[in-house]
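Data block for start14.csv (CSV, C-alpha atoms):
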```
chain,number,residue,atom,x,y,z
X,1422,MET,CA,-16.1,20.0,10.2
X,1423,ALA,CA,-15.0,16.6,11.5
X,1424,GLY,CA,-12.4,14.8,9.5
X,1425,ARG,CA,-13.3,11.6,7.7
X,1426,LEU,CA,-10.8,9.6,9.8
X,1427,ASP,CA,-11.4,11.3,13.2
X,1428,GLY,CA,-10.7,8.9,16.0
X,1429,LYS,CA,-8.9,6.3,13.8
X,1430,VAL,CA,-5.3,5.0,14.1
X,1431,ALA,CA,-3.6,4.1,10.9
X,1432,ILE,CA,-0.3,2.5,9.9
X,1433,ILE,CA,1.1,3.4,6.5
X,1434,THR,CA,4.1,1.5,5.1
X,1435,GLY,CA,6.4,3.1,2.5
X,1436,ALA,CA,5.4,6.4,4.2
X,1437,GLY,CA,8.6,8.3,3.5
X,1438,SER,CA,7.9,9.1,-0.1
X,1439,GLY,CA,5.5,8.8,-3.1
X,1440,MET,CA,2.0,7.4,-2.5
X,1441,GLY,CA,2.8,6.6,1.1
X,1442,GLU,CA,3.8,10.1,1.9
X,1443,ALA,CA,0.8,11.5,0.1
X,1444,THR,CA,-1.5,9.2,2.0
X,1445,ALA,CA,0.1,9.9,5.4
X,1446,GLU,CA,-0.5,13.6,4.8
X,1447,LEU,CA,-4.1,13.1,3.8
X,1448,PHE,CA,-4.9,10.7,6.6
X,1449,HIS,CA,-3.4,13.0,9.2
X,1450,ARG,CA,-5.3,16.0,7.7
X,1451,GLU,CA,-8.5,14.0,7.9
X,1452,GLY,CA,-8.0,13.3,11.7
X,1453,ALA,CA,-6.2,10.0,11.9
X,1454,LYS,CA,-3.3,9.3,14.2
X,1455,VAL,CA,-0.6,7.9,11.9
X,1456,VAL,CA,2.3,5.5,12.3
X,1457,LEU,CA,4.7,6.1,9.4
X,1458,ALA,CA,6.8,3.1,8.5
X,1459,ASP,CA,9.6,3.0,6.0
X,1460,ILE,CA,13.1,1.7,5.6
X,1461,SER,CA,14.5,4.8,4.0
X,1462,GLY,CA,14.7,7.2,7.0
X,1463,GLN,CA,12.5,9.7,5.1
X,1464,GLN,CA,9.6,8.8,7.3
X,1465,GLU,CA,11.2,10.8,10.1
X,1466,ASP,CA,11.0,14.0,8.1
X,1467,VAL,CA,7.4,13.3,7.2
X,1468,ALA,CA,6.4,12.7,10.8
X,1469,LYS,CA,8.2,15.8,11.9
X,1470,ARG,CA,6.4,17.9,9.3
X,1471,LEU,CA,3.0,16.5,10.3
X,1472,GLY,CA,3.6,17.0,14.0
X,1473,ASP,CA,1.3,15.8,16.8
X,1474,GLY,CA,-0.4,12.5,16.0
X,1475,ALA,CA,2.3,11.2,13.8
X,1476,VAL,CA,5.2,8.9,14.7
X,1477,ALA,CA,7.8,7.3,12.5
X,1478,ILE,CA,9.3,3.9,12.8
X,1479,HIS,CA,12.1,2.2,10.8
X,1480,THR,CA,10.5,-0.9,9.2
X,1481,ASP,CA,11.7,-3.5,6.8
X,1482,VAL,CA,8.3,-5.0,5.8
X,1483,SER,CA,9.9,-8.3,4.8
X,1484,LYS,CA,11.0,-9.0,8.3
X,1485,ALA,CA,8.5,-10.3,10.8
X,1486,ALA,CA,10.1,-8.7,13.8
X,1487,ASP,CA,10.0,-5.3,12.2
X,1488,VAL,CA,6.4,-5.6,11.2
X,1489,GLN,CA,5.3,-6.8,14.7
X,1490,ALA,CA,7.2,-3.8,16.2
X,1491,MET,CA,5.4,-1.5,13.8
X,1492,VAL,CA,2.0,-2.8,14.9
X,1493,ASP,CA,3.0,-2.7,18.6
X,1494,THR,CA,4.0,0.9,18.1
X,1495,ALA,CA,0.5,1.8,16.9
X,1496,VAL,CA,-1.2,0.0,19.8
X,1497,THR,CA,1.2,1.3,22.6
X,1498,THR,CA,1.3,4.8,21.3
X,1499,PHE,CA,-2.3,5.4,20.2
X,1500,GLY,CA,-4.2,2.5,21.9
X,1501,LYS,CA,-5.4,0.6,18.9
X,1502,LEU,CA,-5.2,-0.1,15.2
X,1503,ASP,CA,-8.0,0.8,12.8
X,1504,VAL,CA,-6.4,1.1,9.4
X,1505,LEU,CA,-3.4,-0.7,7.9
X,1506,TYR,CA,-2.2,0.4,4.5
X,1507,ASN,CA,0.4,-2.0,3.1
X,1508,ASN,CA,1.9,0.3,0.6
X,1509,ALA,CA,5.6,-0.3,0.6
X,1510,GLY,CA,6.9,-1.9,-2.6
X,1511,ILE,CA,9.7,-2.1,-5.2
X,1512,ASP,CA,9.7,-2.7,-8.9
X,1513,GLY,CA,12.9,-4.7,-8.8
X,1514,HIS,CA,15.2,-5.9,-11.5
X,1515,LEU,CA,14.2,-5.8,-15.2
X,1516,ALA,CA,14.8,-8.9,-17.2
X,1517,LEU,CA,12.9,-11.6,-19.1
X,1518,THR,CA,11.7,-14.5,-17.1
X,1519,GLY,CA,14.2,-16.9,-18.5
X,1520,ASP,CA,17.1,-14.6,-17.5
X,1521,TYR,CA,15.7,-13.3,-14.2
X,1522,PRO,CA,18.2,-13.6,-11.2
X,1523,GLU,CA,16.9,-15.7,-8.4
X,1524,ASP,CA,18.1,-13.2,-5.7
X,1525,ALA,CA,16.2,-10.4,-7.5
X,1526,TRP,CA,13.1,-12.5,-7.6
X,1527,ASN,CA,13.3,-13.3,-3.9
X,1528,GLN,CA,13.8,-9.6,-3.0
X,1529,VAL,CA,10.7,-8.5,-4.9
X,1530,ILE,CA,8.5,-11.2,-3.5
X,1531,ALA,CA,9.8,-10.5,0.0
X,1532,VAL,CA,8.9,-6.8,-0.1
X,1533,ASN,CA,5.8,-6.8,-2.3
X,1534,LEU,CA,4.0,-10.0,-1.3
X,1535,THR,CA,5.5,-11.2,2.0
X,1536,GLY,CA,5.3,-7.6,3.3
X,1537,PRO,CA,1.5,-7.3,3.0
X,1538,PHE,CA,1.2,-10.8,4.4
X,1539,LEU,CA,3.2,-9.9,7.5
X,1540,GLY,CA,1.2,-6.7,7.8
X,1541,MET,CA,-2.0,-8.8,7.9
X,1542,ARG,CA,-0.4,-11.5,10.1
X,1543,TYR,CA,0.3,-9.0,12.9
X,1544,GLY,CA,-2.3,-6.3,12.1
X,1545,ILE,CA,-5.4,-8.6,12.1
X,1546,PRO,CA,-5.0,-9.8,15.7
X,1547,ALA,CA,-4.7,-6.2,16.8
X,1548,MET,CA,-7.8,-5.2,14.9
X,1549,LEU,CA,-9.8,-8.1,16.2
X,1550,LYS,CA,-9.2,-6.9,19.8
X,1551,THR,CA,-11.1,-3.6,19.1
X,1552,GLY,CA,-13.8,-4.9,16.7
X,1553,GLY,CA,-12.3,-4.7,13.3
X,1554,GLY,CA,-10.8,-2.3,10.9
X,1555,SER,CA,-9.8,-1.7,7.3
X,1556,ILE,CA,-6.7,-3.2,5.6
X,1557,ILE,CA,-5.6,-1.7,2.3
X,1558,SER,CA,-2.7,-3.0,0.1
X,1559,THR,CA,-1.1,-1.5,-2.9
X,1560,ALA,CA,-1.2,-4.0,-5.7
X,1561,SER,CA,-0.9,-2.8,-9.3
X,1562,MET,CA,-2.6,-3.0,-12.7
X,1563,ALA,CA,0.2,-5.5,-13.3
X,1564,ALA,CA,-2.0,-7.9,-11.3
X,1565,HIS,CA,-4.3,-8.0,-14.4
X,1566,VAL,CA,-2.0,-7.4,-17.4
X,1567,ALA,CA,1.5,-8.4,-18.3
X,1568,PHE,CA,4.6,-6.2,-18.4
X,1569,PRO,CA,7.5,-8.0,-20.1
X,1570,ASN,CA,10.7,-7.8,-18.2
X,1571,MET,CA,8.9,-7.5,-14.9
X,1572,PRO,CA,8.0,-11.1,-14.0
X,1573,ALA,CA,8.6,-10.8,-10.3
X,1574,TYR,CA,6.7,-7.6,-10.0
X,1575,CYS,CA,3.7,-8.9,-11.9
X,1576,ALA,CA,3.7,-12.1,-9.9
X,1577,SER,CA,4.0,-10.3,-6.6
X,1578,LYS,CA,1.1,-7.9,-7.4
X,1579,GLY,CA,-1.1,-10.7,-8.6
X,1580,GLY,CA,-0.4,-12.4,-5.3
X,1581,VAL,CA,-1.3,-9.3,-3.3
X,1582,LEU,CA,-4.7,-9.2,-5.0
X,1583,MET,CA,-5.5,-12.8,-4.2
X,1584,LEU,CA,-4.2,-12.5,-0.6
X,1585,THR,CA,-6.6,-9.5,-0.3
X,1586,LYS,CA,-9.6,-11.5,-1.5
X,1587,ASN,CA,-8.7,-14.5,0.7
X,1588,ALA,CA,-8.3,-12.4,3.9
X,1589,ALA,CA,-11.5,-10.5,3.1
X,1590,ALA,CA,-13.5,-13.7,2.9
X,1591,GLU,CA,-11.9,-15.0,6.2
X,1592,TYR,CA,-12.6,-11.9,8.3
X,1593,ALA,CA,-15.7,-10.2,6.8
X,1594,GLN,CA,-18.0,-11.3,9.7
X,1595,GLN,CA,-15.4,-10.1,12.3
X,1596,GLY,CA,-15.5,-6.5,11.2
X,1597,ILE,CA,-12.3,-6.4,9.1
X,1598,ARG,CA,-12.5,-5.2,5.5
X,1599,VAL,CA,-9.6,-6.0,3.2
X,1600,ASN,CA,-9.2,-4.3,-0.2
X,1601,ALA,CA,-6.4,-3.5,-2.7
X,1602,ILE,CA,-5.6,-0.5,-4.8
X,1603,LEU,CA,-4.3,-1.3,-8.3
X,1604,PRO,CA,-2.6,1.8,-9.6
X,1605,GLY,CA,-1.4,2.4,-13.1
X,1606,VAL,CA,2.0,4.1,-13.5
X,1607,ILE,CA,2.4,6.9,-10.9
X,1608,GLY,CA,4.8,9.8,-10.9
X,1609,THR,CA,6.9,8.8,-7.9
X,1610,GLY,CA,10.5,8.1,-7.2
X,1611,MET,CA,10.1,4.5,-7.9
X,1612,THR,CA,9.1,5.1,-11.5
X,1613,LYS,CA,11.8,7.8,-12.3
X,1614,HIS,CA,14.4,5.2,-13.2
X,1615,LEU,CA,12.2,3.3,-15.6
X,1616,PRO,CA,13.1,3.7,-19.2
X,1617,ALA,CA,11.6,6.8,-20.8
X,1618,ASP,CA,10.2,4.8,-23.7
X,1619,PHE,CA,8.4,2.5,-21.2
X,1620,ILE,CA,6.7,5.5,-19.6
X,1621,GLN,CA,5.8,7.0,-23.0
X,1622,ASN,CA,4.3,3.7,-24.2
X,1623,VAL,CA,2.2,3.5,-21.0
X,1624,LYS,CA,0.9,7.0,-21.6
X,1625,ASN,CA,0.2,6.2,-25.2
X,1626,ALA,CA,-1.8,3.1,-24.2
X,1627,THR,CA,-3.8,5.0,-21.4
X,1628,PRO,CA,-7.0,6.6,-22.6
X,1629,GLN,CA,-6.4,9.6,-20.3
X,1630,GLY,CA,-3.0,10.0,-21.9
X,1631,ARG,CA,-1.0,10.6,-18.8
X,1632,ILE,CA,0.4,9.0,-15.6
X,1633,ALA,CA,-1.1,9.7,-12.2
X,1634,ASP,CA,-0.1,11.8,-9.3
X,1635,ALA,CA,0.5,10.1,-5.9
X,1636,SER,CA,-2.4,12.2,-4.5
X,1637,GLU,CA,-4.8,10.4,-6.8
X,1638,ILE,CA,-4.0,7.1,-5.1
X,1639,ALA,CA,-4.1,8.7,-1.6
X,1640,THR,CA,-7.7,9.8,-2.1
X,1641,VAL,CA,-8.7,6.2,-3.0
X,1642,ALA,CA,-6.9,4.9,0.1
X,1643,LEU,CA,-8.8,7.5,2.2
X,1644,PHE,CA,-12.2,6.2,0.9
X,1645,LEU,CA,-11.3,2.6,1.7
X,1646,ALA,CA,-10.0,3.6,5.1
X,1647,SER,CA,-13.1,5.5,6.0
X,1648,ASP,CA,-16.5,4.3,7.0
X,1649,GLU,CA,-17.8,5.5,3.7
X,1650,SER,CA,-16.7,2.2,2.2
X,1651,SER,CA,-18.3,0.0,4.8
X,1652,PHE,CA,-19.8,-2.4,2.4
X,1653,ILE,CA,-16.7,-2.9,0.2
X,1654,THR,CA,-14.4,-5.8,0.9
X,1655,GLY,CA,-12.3,-8.2,-1.1
X,1656,GLN,CA,-12.0,-5.8,-4.0
X,1657,GLY,CA,-9.2,-4.6,-6.2
X,1658,ILE,CA,-9.9,-1.0,-7.1
X,1659,VAL,CA,-8.1,-0.2,-10.4
X,1660,VAL,CA,-6.8,3.4,-10.7
X,1661,ASP,CA,-5.1,3.4,-14.1
X,1662,GLY,CA,-6.6,6.1,-16.3
X,1663,GLY,CA,-8.3,3.4,-18.3
X,1664,TYR,CA,-5.2,1.4,-19.3
X,1665,THR,CA,-6.7,-2.0,-18.6
X,1666,THR,CA,-10.0,-1.2,-20.3
X,1667,VAL,CA,-8.6,-1.2,-23.9
```
In structure tokens, how does this file's structure come out?
Amino acid sequence: MAGRLDGKVAIITGAGSGMGEATAELFHREGAKVVLADISGQQEDVAKRLGDGAVAIHTDVSKAADVQAMVDTAVTTFGKLDVLYNNAGIDGHLALTGDYPEDAWNQVIAVNLTGPFLGMRYGIPAMLKTGGGSIISTASMAAHVAFPNMPAYCASKGGVLMLTKNAAAEYAQQGIRVNAILPGVIGTGMTKHLPADFIQNVKNATPQGRIADASEIATVALFLASDESSFITGQGIVVDGGYTTV
């Protein structure tokens, strides 16, 4: 049986671990050629494990030169770019807004919001050359609800959602779909250092009573990357076990 992404070329940022790693594995299994971008070095191990059709590249998504090189790698290695998944992100420093360090603010905005912008800035021209594609960005349920002590994170993820909607409106007639995934709390390395009481409070407030596995986000990314979602653009798909419904 043909894979759902046969013939497609995809870039995944933050591909060395967590949701990015799970998505890279799923996209590759479904037939995509994948460019695995990360700053950690772990993307090399993921690419080696996946084998043919997977290449790794060291990328700081907050730096334009790195992002341009990432896109160029997809085009020169595999001939085109069909799917861009702006997934890399950080939660950043925890503090109330009135105490939040400016350097910590700038770092979170650079990675979480400027990163997806740069992905679109350099990915869109590549997609236009071959008739379009699908752009997916990881936002968060924090784009809709507040999390005290996380002002930079919440602001950055709200920005990702509106960047998604704006780009979707701009390029809909040129064959580019732009959507965001808004996860709840996911069991990844990024959340392991969060306070245990924070995680428990989220579980208590989630109708399903648990946090998600990274694979549950990867399957949503696969749907948005595939032609099955051909009439979906400009949307923020919330995947939070019902947290924002109550």
Any chance you could tabulate, as a tab-separated table, the residues of region 1566-1612 of chain X at most 12 Å from region 1623-1640 of chain X with each one's nearest atom pair and distance in Å to one decimal, using all atoms listed in the file, in chain and rising number order?
```
residue	atom	partner	partner_atom	distance
X:Phe1568	CA	X:Val1623	CA	10.3
X:Ala1601	CA	X:Ile1638	CA	11.1
X:Ile1602	CA	X:Ile1638	CA	7.8
X:Leu1603	CA	X:Ile1638	CA	9.0
X:Pro1604	CA	X:Ile1638	CA	7.1
X:Gly1605	CA	X:Ile1632	CA	7.3
X:Val1606	CA	X:Ile1632	CA	5.6
X:Ile1607	CA	X:Ala1633	CA	4.7
X:Gly1608	CA	X:Asp1634	CA	5.5
X:Thr1609	CA	X:Ala1635	CA	6.8
X:Gly1610	CA	X:Ala1635	CA	10.3
X:Met1611	CA	X:Ala1635	CA	11.3
X:Thr1612	CA	X:Ile1632	CA	10.4
```
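Residues in contact with Ala1436 (chain X) at up to 9 Å, not including ones fewer than 4 positions away on its chain and judged by all atoms listed in the file, are X:Ile1432, X:Met1440, X:Gly1441, X:Glu1442, X:Ala1443, X:Thr1444, X:Ala1445, X:Val1456, X:Leu1457, X:Ala1458, X:Asp1459, X:Gln1463, X:Gln1464, X:Val1467, X:Ala1477, X:Asn1508, X:Ala1509.
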CA of Ala1646 (chain X) to CA of Ala1475 (chain X) measures 16.9 Å
Just want the 10 Å neighbourhood of Ile1556 (chain X), counted on all atoms listed in the file, with same-chain residues fewer than 5 positions away dropped. Output as a ChimeraX atom specification.
/X:1431-1432,1503-1507,1537,1540-1541,1544-1545,1548,1585,1588-1589,1597-1601,1642,1645-1646,1654
Restricting it to C-alpha atoms, dump the selection as a PDB file, keeping the file's coordinate frame.
```pdb
ATOM      1  CA  ALA X1431      -3.600   4.100  10.900  1.00  0.00           C
ATOM      2  CA  ILE X1432      -0.300   2.500   9.900  1.00  0.00           C
ATOM      3  CA  ASP X1503      -8.000   0.800  12.800  1.00  0.00           C
ATOM      4  CA  VAL X1504      -6.400   1.100   9.400  1.00  0.00           C
ATOM      5  CA  LEU X1505      -3.400  -0.700   7.900  1.00  0.00           C
ATOM      6  CA  TYR X1506      -2.200   0.400   4.500  1.00  0.00           C
ATOM      7  CA  ASN X1507       0.400  -2.000   3.100  1.00  0.00           C
ATOM      8  CA  PRO X1537       1.500  -7.300   3.000  1.00  0.00           C
ATOM      9  CA  GLY X1540       1.200  -6.700   7.800  1.00  0.00           C
ATOM     10  CA  MET X1541      -2.000  -8.800   7.900  1.00  0.00           C
ATOM     11  CA  GLY X1544      -2.300  -6.300  12.100  1.00  0.00           C
ATOM     12  CA  ILE X1545      -5.400  -8.600  12.100  1.00  0.00           C
ATOM     13  CA  MET X1548      -7.800  -5.200  14.900  1.00  0.00           C
ATOM     14  CA  THR X1585      -6.600  -9.500  -0.300  1.00  0.00           C
ATOM     15  CA  ALA X1588      -8.300 -12.400   3.900  1.00  0.00           C
ATOM     16  CA  ALA X1589     -11.500 -10.500   3.100  1.00  0.00           C
ATOM     17  CA  ILE X1597     -12.300  -6.400   9.100  1.00  0.00           C
ATOM     18  CA  ARG X1598     -12.500  -5.200   5.500  1.00  0.00           C
ATOM     19  CA  VAL X1599      -9.600  -6.000   3.200  1.00  0.00           C
ATOM     20  CA  ASN X1600      -9.200  -4.300  -0.200  1.00  0.00           C
ATOM     21  CA  ALA X1601      -6.400  -3.500  -2.700  1.00  0.00           C
ATOM     22  CA  ALA X1642      -6.900   4.900   0.100  1.00  0.00           C
ATOM     23  CA  LEU X1645     -11.300   2.600   1.700  1.00  0.00           C
ATOM     24  CA  ALA X1646     -10.000   3.600   5.100  1.00  0.00           C
ATOM     25  CA  THR X1654     -14.400  -5.800   0.900  1.00  0.00           C
TER      26      THR X1654
END
```
Could you list, as a list in words, every residue within 7 Å of Phe1448 (chain X), counting only C-alpha atoms and ignoring same-chain residues fewer than 5 positions away?
Leu1426, Ala1453 and Leu1643 of chain X
Hey, which of X:Leu1471, X:Ala1547, X:Ile1530, X:Ile1511 ends up closest to Leu1615 (chain X)? Count all atoms listed in the file.
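When distances to Leu1615 (chain X) are compared using all atoms listed in the file, the smallest one comes from X:Ile1511.
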What is the distance, in Å and to one decimal place, between CA of Val1659 (chain X) and CA of Leu1582 (chain X)?
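The value is 11.0 Å.
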How many Å lie between CA of Trp1526 (chain X) and CA of Ala1563 (chain X), rounded to one decimal?
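According to the coordinates, CA of Trp1526 (chain X) and CA of Ala1563 (chain X) are separated by 15.7 Å.
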Using all atoms listed in the file, which of X:Ser1561, X:Asn1622, X:Ser1483, X:Asn1587 sits nearest Asp1512 (chain X)?
X:Ser1561
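Comparing X:Gln1594, X:Ser1555, X:Asn1527, X:Asn1533 by their smallest distance to Cys1575 (chain X), the closest is X:Asn1533 (using only C-alpha atoms).
Among X:Gln1528, X:Thr1559, X:Thr1494, X:Gln1621, the residue with the shortest atom-to-atom distance to Lys1454 (chain X), counting only C-alpha atoms, is X:Thr1494.
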So, with only C-alpha atoms as the atoms that count, which of X:Lys1429, X:Val1492, X:Gly1513, X:Gly1579 lies closest to Tyr1543 (chain X)?
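Among the listed residues, X:Val1492 lies closest to Tyr1543 (chain X).
Nearest residue to Ser1647 (chain X), choosing from X:Ala1564, X:Thr1434, X:Val1532, X:Gly1452 and counting all atoms listed in the file: X:Gly1452.
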